[in-house]
Each structure stands twice: as C-alpha cells, then as structure tokens.
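Enquirer: I have a structure here, written as structure tokens, and I will follow up with some questions on it.
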Amino acid sequence: MTAIADPPVPEAAPLPVPEPAPETKPRDILIICYSGELEKTWATMILATTAAAMGARVRVFLTFWGLQTFVKDDRRITGENAMQKMMSLMQRPGISHRKLSKMNFLGMGPWMMRKLAKQHNVASPKELLEIGQAMGVEFMPCQMTMDMFGLKRDDMIDGLGEPVGAATVISLLQEGDAPLFI
Amino acid sequence: MTAIADPPVPEAAPLPVPEPAPETKPRDILIICYSGELEKTWATMILATTAAAMGARVRVFLTFWGLQTFVKDDRRITGENAMQKMMSLMQRPGISHRKLSKMNFLGMGPWMMRKLAKQHNVASPKELLEIGQAMGVEFMPCQMTMDMFGLKRDDMIDGLGEPVGAATVISLLQEGDAPLFI
Amino acid sequence: MTAIADPPVPEAAPLPVPEPAPETKPRDILIICYSGELEKTWATMILATTAAAMGARVRVFLTFWGLQTFVKDDRRITGENAMQKMMSLMQRPGISHRKLSKMNFLGMGPWMMRKLAKQHNVASPKELLEIGQAMGVEFMPCQMTMDMFGLKRDDMIDGLGEPVGAATVISLLQEGDAPLFI
C-alpha cells in the first residue's frame with residue numbers, strides 16, 4: 001500500500017540487515033497454578049508438557065491450593081500447628097488425590113474422569129508431572145503459601161525449584177511471558 | 001554482535017523509513033474457555049464479541065466443561081459409552097442450560113441472573129454466541145475433550161472450527177496473543 | 001493528525017536516536033477481578049500490590065462477583081429492586097466478608113485462613129486493598145455489573161475509578177498489558 005508513495009531507492013543504499021523482530025521471539029509460558037482441582041491440574045499439566053515439547057521455556061508457579069498438589073502423595077497430614085494439620089486433613093494433598101470441581105459424588109466423578117482419560121490414552125496428572133519434570137518444566141513453589149500451610153521442603157515432591165514470591169511472577173509478566181492463571 | 005559485520009555507512013544514506021513498532025500492532029485475543037458456568041460463559045461471550053466489534057482477531061478454545069456449552073441445546077444425552085452418557089446426564093450440556101457457580105437454589109439463581117440481564121439489556125449468552133459467530137469470532141473445539149466425552153461433530157452447534165489440540169494454544173501464546181483463561 | 005504540526009524536515013537530518021526496543025519496556029499489569037472468593041481476592045491483592053511496589057502500572061477491572069468485594073463493608077443489602085436485594089442478601093458483599101471457595105464449614109475455614117495469615121504476617125485483603133490504593137493501583141468498576149446488581153457509586157468504597165466497560169479491557173489487552181483473569 002505505502003509502496004506507491006515510497007521514494008525511489010537510492011543507488012548506493014546498503015542492503016538492510018534484517019534484525020529479528022522482537023515480536024517473533026517466541027514468548028515463555030508462565031502458568032500460575034492456583035487451583036487444586038483435578039481438571040485444572042490436568043489442564044495445567046497438558047499445557048505445560050505440550051509447551052515444553054514445543055521447545056518453549058515453561059515455568060509453573062505453585063500457589064494456594066495449587067501448591068497442595070505438589071505435596072508427596074503419601075503425606076496424609078501436613079503442617080506444624082493444629083490449624084494447619086486440620087486444613088490438610090480436610091483437603092488431602094498430593095497429585096493423586098485431586099477432586100473434581102463438581103460431580104464428586106463420593107469419588108465417582110474423579111474415578112470416571114480418570115477412567116475415561118485412560119480409555120483415550122490421556123496421561124494421568126501424575127504421569128504428566130513426571131513427563132514435565134523430565135522435559136524441563138520449572139516448578140516454583142510459592143514461599144508465602146508454604147509458610148501459611150506449614151509445608152516444609154521435605155513435604156514436597158522432588159525436583160521443585162527454590163520457593164519464590166509474587167515479585168518473581170510480576171517480573172516475568174513484565175518481561176513479556178504469556179500468563180495463564182489456572 | 002552483527003555490528004561487527006555491518007558494511008560501512010554509505011555517504012548518501014537514505015532517511016530511515018520509520019517502520020511501525022511491533023508493539024503497536026494490536027494483539028490478537030485468545031480465550032481459553034475452560035469453565036461451563038453461566039457467569040463465566042457470559043464473561044467469555046461479552047469479551048469475545050466486544051473484541052470482535054473492535055476489529056480484533058478473537059479465538060476461543062473450547063475445552064473441558066467449556067466445550068459442553070457448545071453442544072446443541074436440544075441434546076439431552078451425549079457420549080458413546082455408559083460413563084460418558086452418565087456424565088452428560090449429570091451436567092446437562094448446551095448454552096441455554098448453564099448454571100451459576102453458586103446460588104443455584106434449584107435454578108432460582110440463574111433465572112434471576114437472566115432476568116436481571118434482560119432488564120438491563122444485556123444479551124443472553126446464546127444471543128452473544130450468535131453475534132460472535134456473525135462477527136467472525138473463531139471457536140476451536142479441543143480434540144482431546146471431544147474424545148474423552150465422546151462428543152461428535154454432529155453433537156456440536158454449527159459454525160465451530162476444526163478440533164485442535166493444546167499445541168495450537170501454545171503456538172498462539174508464543175506468538176503474542178493476549179490470553180485469558182476463563 | 002500530527003502531520004499538520006510537523007516541522008519541515010531539516011536538510012541535515014540528525015542521526016536517528018535509537019529508541020528503546022519495545023520488548024524491553026516492562027508491561028503494564030491488568031487483573032480482571034472476576035471472582036469474589038476470599039483466596040482469589042487475596043491472590044489479586046497480593047499480585048497488585050507487589051506489582052505496584054515494583055513500579056508497574058496496575059489496573060484491576062472489577063466485574064461480576066469480583067465487584068461485590070468492593071462494596072462498602074457495612075452495606076448489608078444493596079440493589080434497587082427485590083431481585084437485586086435478594087441476591088445481595090444471599091451473598092454478603094464487602095471485602096471483609098469474603099468466603100473460601102471450599103471448606104467454609106459455617107465460617108471456620110475463612111476464620112482459620114485469616115488466623116494463619118496473621119500468624120505469618122500476611123496482610124489481610126482489606127489491608128492490602130488500602131496499601132494498593134495508596135500505591136496507585138487503579139480499580140476500575142465494570143459498568144454492566146453495577147447496572148445488573150443495582151449498585152450505585154455510593155455503595156462502593158472510596159477511591160475507585162470511573163466505571164468502564166469490556167472495551168477498555170480489550171484495548172489494554174491489545175496494547176500488550178499482561179492479563180490475569182482471576
């Protein structure tokens with residue numbers, strides 16, 4: 001369109017060296033894993049592993065209920081004081097114990113969902129977690145959530161990064177990461 | 001780095017033609033429609049139609065409970081096996097049958113919400129869907145969700161795009177789409 | 001537009017001053033505060049205040065249940081007609097009356113959560129709101145939600161911006177704000 005109005009190209013014009021346009025640099029992916037529900041854990045893991053498989057740098061910030069998902073599956077009670085222990089009792093932590101956001105019906109909903117996934121060769125959240133870790137997805141626990149729930153490093157699964165705070169999330173957002181709050 | 005290899009600046013260098021800064025290109029909008037709740041369906045549709053009206057390219061990825069919203073309203077039972085059928089029974093699909101995330105009270109909450117919307121000239125989700133489709137909003141069903149729930153193309157409303165996977169979502173994120181996980 | 005005021009191009013064109021690459025400009029943060037739950041209110045406030053403390057421009061769009069959080073704490077019933085009043089009765093508005101998304105147990109869950117936060121020196125949502133307002137976080141009420149729930153400016157806490165619509169959100173997304181739908 002503007003070509004019509006362009007001035008004639010001067011004879012000795014240097015060939016422009018094409019610089020990579022900033023926009024073409026693929027963005028890193030930042031998932032804020034806030035929810036502890038089975039479906040959202042699934043969504044997080046599918047997006048994270050897909051992105052890692054495509055060569056993207058993927059960071060997952062584990063916060064609030066989302067952090068409970070990354071407690072070791074065999075921990076039944078976590079926390080240092082009575083209140084923290086009671087909260088872990090009311091909501092069993094661990095990736096194999098996630099519940100649906102609805103249709104739980106005494107565990108029937110999650111069981112059906114897991115069964116349907118198996119029938120259609122969709123990996124379980126736990127399998128996807130292992131795949132994600134093997135592919136370099138970086139899991140960053142939220143320090144404040146660890147403190148509030150009385151969770152210690154030893155309560156958490158292996159291979160997580162150092163606990164970080166909200167400032168780390170904001171920095172990544174400011175730098176242009178593509179954010180998903182799940 | 002490339003500066004080293006740059007040719008010497010010729011004497012009659014043409015005035016640099018300012019290229020539009022990449023940042024000024026308006027971003028496309030990508031909504032990941034994950035939830036099937038009435039309010040979130042509303043939020044999705046209002047944002048999608050507003051963006052389309054403003055000339056933005058809008059894509060809506062339909063996944064998990066969000067896909068159920070785009071099943072034809074008159075389908076009562078969907079799915080191929082018993083478990084899939086039971087799940088559709090427990091959660092009636094279709095955009096006219098969305099429930100609130102709370103305050104359902106045997107349907108009174110959604111009824112009041114729809115009534116209030118009408119009083120204030122807010123279009124229903126179904127009307128907004130039709131407007132969105134007319135304005136070119138692209139609805140992309142999630143292949144994996146279709147498989148897991150046993151949904152067939154014929155179960156879905158007309159005008160949806162081809163089913164795609166998580167890789168499509170990640171590509172768009174990497175290219176700089178503004179993402180909303182709703 | 002600016003063409004009218006443009007000075008004639010000087011003969012000895014100055015060397016173009018390299019502008020900072022667009023990508024290096026830190027992005028503004030846009031939080032769509034959709035949910036009225038205690039934990040999500042907390043997440044919103046922690047991210048908003050942290051970002052503001054880091055010098056980011058932060059806007060929070062208050063919509064649907066998220067707007068109820070910004071009604072004055074002492075309002076018990078809001079709305080102009082019977083239906084709106086009933087809805088406010090069913091869900092008490094105000095930032096000090098948020099409930100957890102689960103484990104409410106007649107108020108015990110939120111009470112424990114607030115108590116744990118206090119023990120670990122995490123500010124309450126109400127304190128964070130005051131900090132955020134003092135630091136320049138811009139809270140933008142959704143006009144449509146105000147209309148639907150019959151909320152008037154006088155029902156809302158002081159210091160909110162003018163009510164805006166979805167078009168404002170879309171504009172900010174198109175311009176490159178980092179969006180979080182919470």
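Going by the structure tokens order, chains are called A, B, ..., each with residues numbered from 1, while ligands are numbered from 1 in the order shown.
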For Ile77 of chain C, work out the shell of residues within 8 Å, counting only C-alpha atoms and skipping chain neighbours fewer than 3 positions away, then give it as a list in words.
Expert: Lys85, Met86, Ser88, Leu89 and Arg92 of chain C
Enquirer: For chain A, work out the contacting residues on chain B at 6 Å, counting only C-alpha atoms, and write them as JSON, numbers by chain.
Expert: {"B": [148, 170, 173, 174, 175]}
Enquirer: Any idea what's packed within 8 Å of Gly150 of chain A, counting only C-alpha atoms, ignoring anything in its chain fewer than 6 positions away? Could you give it as a list in words?
Expert: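 Returned residues: Thr78, Gly79, Glu80, Asn81 and Gln84 of chain A.
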Enquirer: Kindly save the residues from that selection, with all heavy atoms included, as a compact mmCIF listing (two decimals), in the first residue's frame.
Expert:
```
# COMPACT_ATOMS: atom_id res chain seq x y z
N THR A 78 -0.14 -32.66 56.95
CA THR A 78 1.00 -31.76 56.88
C THR A 78 0.74 -30.56 57.78
O THR A 78 -0.38 -30.34 58.23
CB THR A 78 1.23 -31.25 55.43
OG1 THR A 78 0.03 -30.61 54.99
CG2 THR A 78 1.59 -32.38 54.50
N GLY A 79 1.78 -29.76 58.01
CA GLY A 79 1.62 -28.56 58.82
C GLY A 79 2.28 -28.70 60.17
O GLY A 79 2.55 -29.82 60.63
N GLU A 80 2.51 -27.55 60.77
CA GLU A 80 3.25 -27.54 62.03
C GLU A 80 2.35 -27.32 63.24
O GLU A 80 2.64 -27.78 64.32
CB GLU A 80 4.33 -26.45 61.98
CG GLU A 80 5.50 -26.88 61.10
CD GLU A 80 6.41 -25.74 60.74
OE1 GLU A 80 5.96 -24.57 60.79
OE2 GLU A 80 7.57 -26.00 60.39
N ASN A 81 1.24 -26.62 63.02
CA ASN A 81 0.36 -26.42 64.17
C ASN A 81 -1.00 -27.06 63.91
O ASN A 81 -1.27 -27.59 62.82
CB ASN A 81 0.24 -24.93 64.52
CG ASN A 81 -0.38 -24.12 63.39
OD1 ASN A 81 -1.29 -24.58 62.73
ND2 ASN A 81 0.13 -22.92 63.18
N GLN A 84 -3.07 -25.87 60.81
CA GLN A 84 -2.52 -26.32 59.53
C GLN A 84 -2.78 -27.81 59.33
O GLN A 84 -3.11 -28.25 58.22
CB GLN A 84 -1.01 -26.03 59.49
CG GLN A 84 -0.69 -24.54 59.42
CD GLN A 84 0.75 -24.22 59.75
OE1 GLN A 84 1.45 -25.00 60.39
NE2 GLN A 84 1.21 -23.05 59.31
```
Enquirer: Between atom CA of Met156 of chain B and atom CA of Arg75 of chain B, what is the spacing in Å?
Expert: 9.1 Å
Enquirer: So what do you get for atom CA of Phe139 of chain C versus atom CA of Phe61 of chain C, distance-wise?
Expert: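 Atom CA of Phe61 of chain C lies at a distance of 6.1 Å from atom CA of Phe139 of chain C.
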Enquirer: Taking only segment 45-145 of chain B into account, list the residues labelled strand (DSSP E) by DSSP (computed from the backbone), as a list in words.
Expert: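 For segment 45-145 of chain B, the strand (DSSP E) set is Val58, Arg59, Val60, Phe61, Leu62, Glu138, Phe139, Met140 and Pro141 of chain B.
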Enquirer: Under the rule that only C-alpha atoms are counted, which of B:Cys33, B:Thr63, B:Pro93, B:Met45 is the nearest residue to Asp155 of chain B?
Expert: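 Once distances to Asp155 of chain B are computed over only C-alpha atoms, the minimum belongs to B:Pro93.
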Enquirer: Taking only segment 41-179 of chain C into account, list the residues labelled alpha helix (DSSP H) by DSSP (computed from the backbone), as an MDAnalysis selection string.
Expert: chainID C and resid 41:53 65:68 82:90 108:119 125:134 143:149 166:174
Enquirer: May I ask for the distance between atom CA of Arg98 of chain B and atom CA of Thr69 of chain B, given in Å to one decimal place?
Expert: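 Taking atom CA of Arg98 of chain B as the start and atom CA of Thr69 of chain B as the end point, the length is 7.3 Å.
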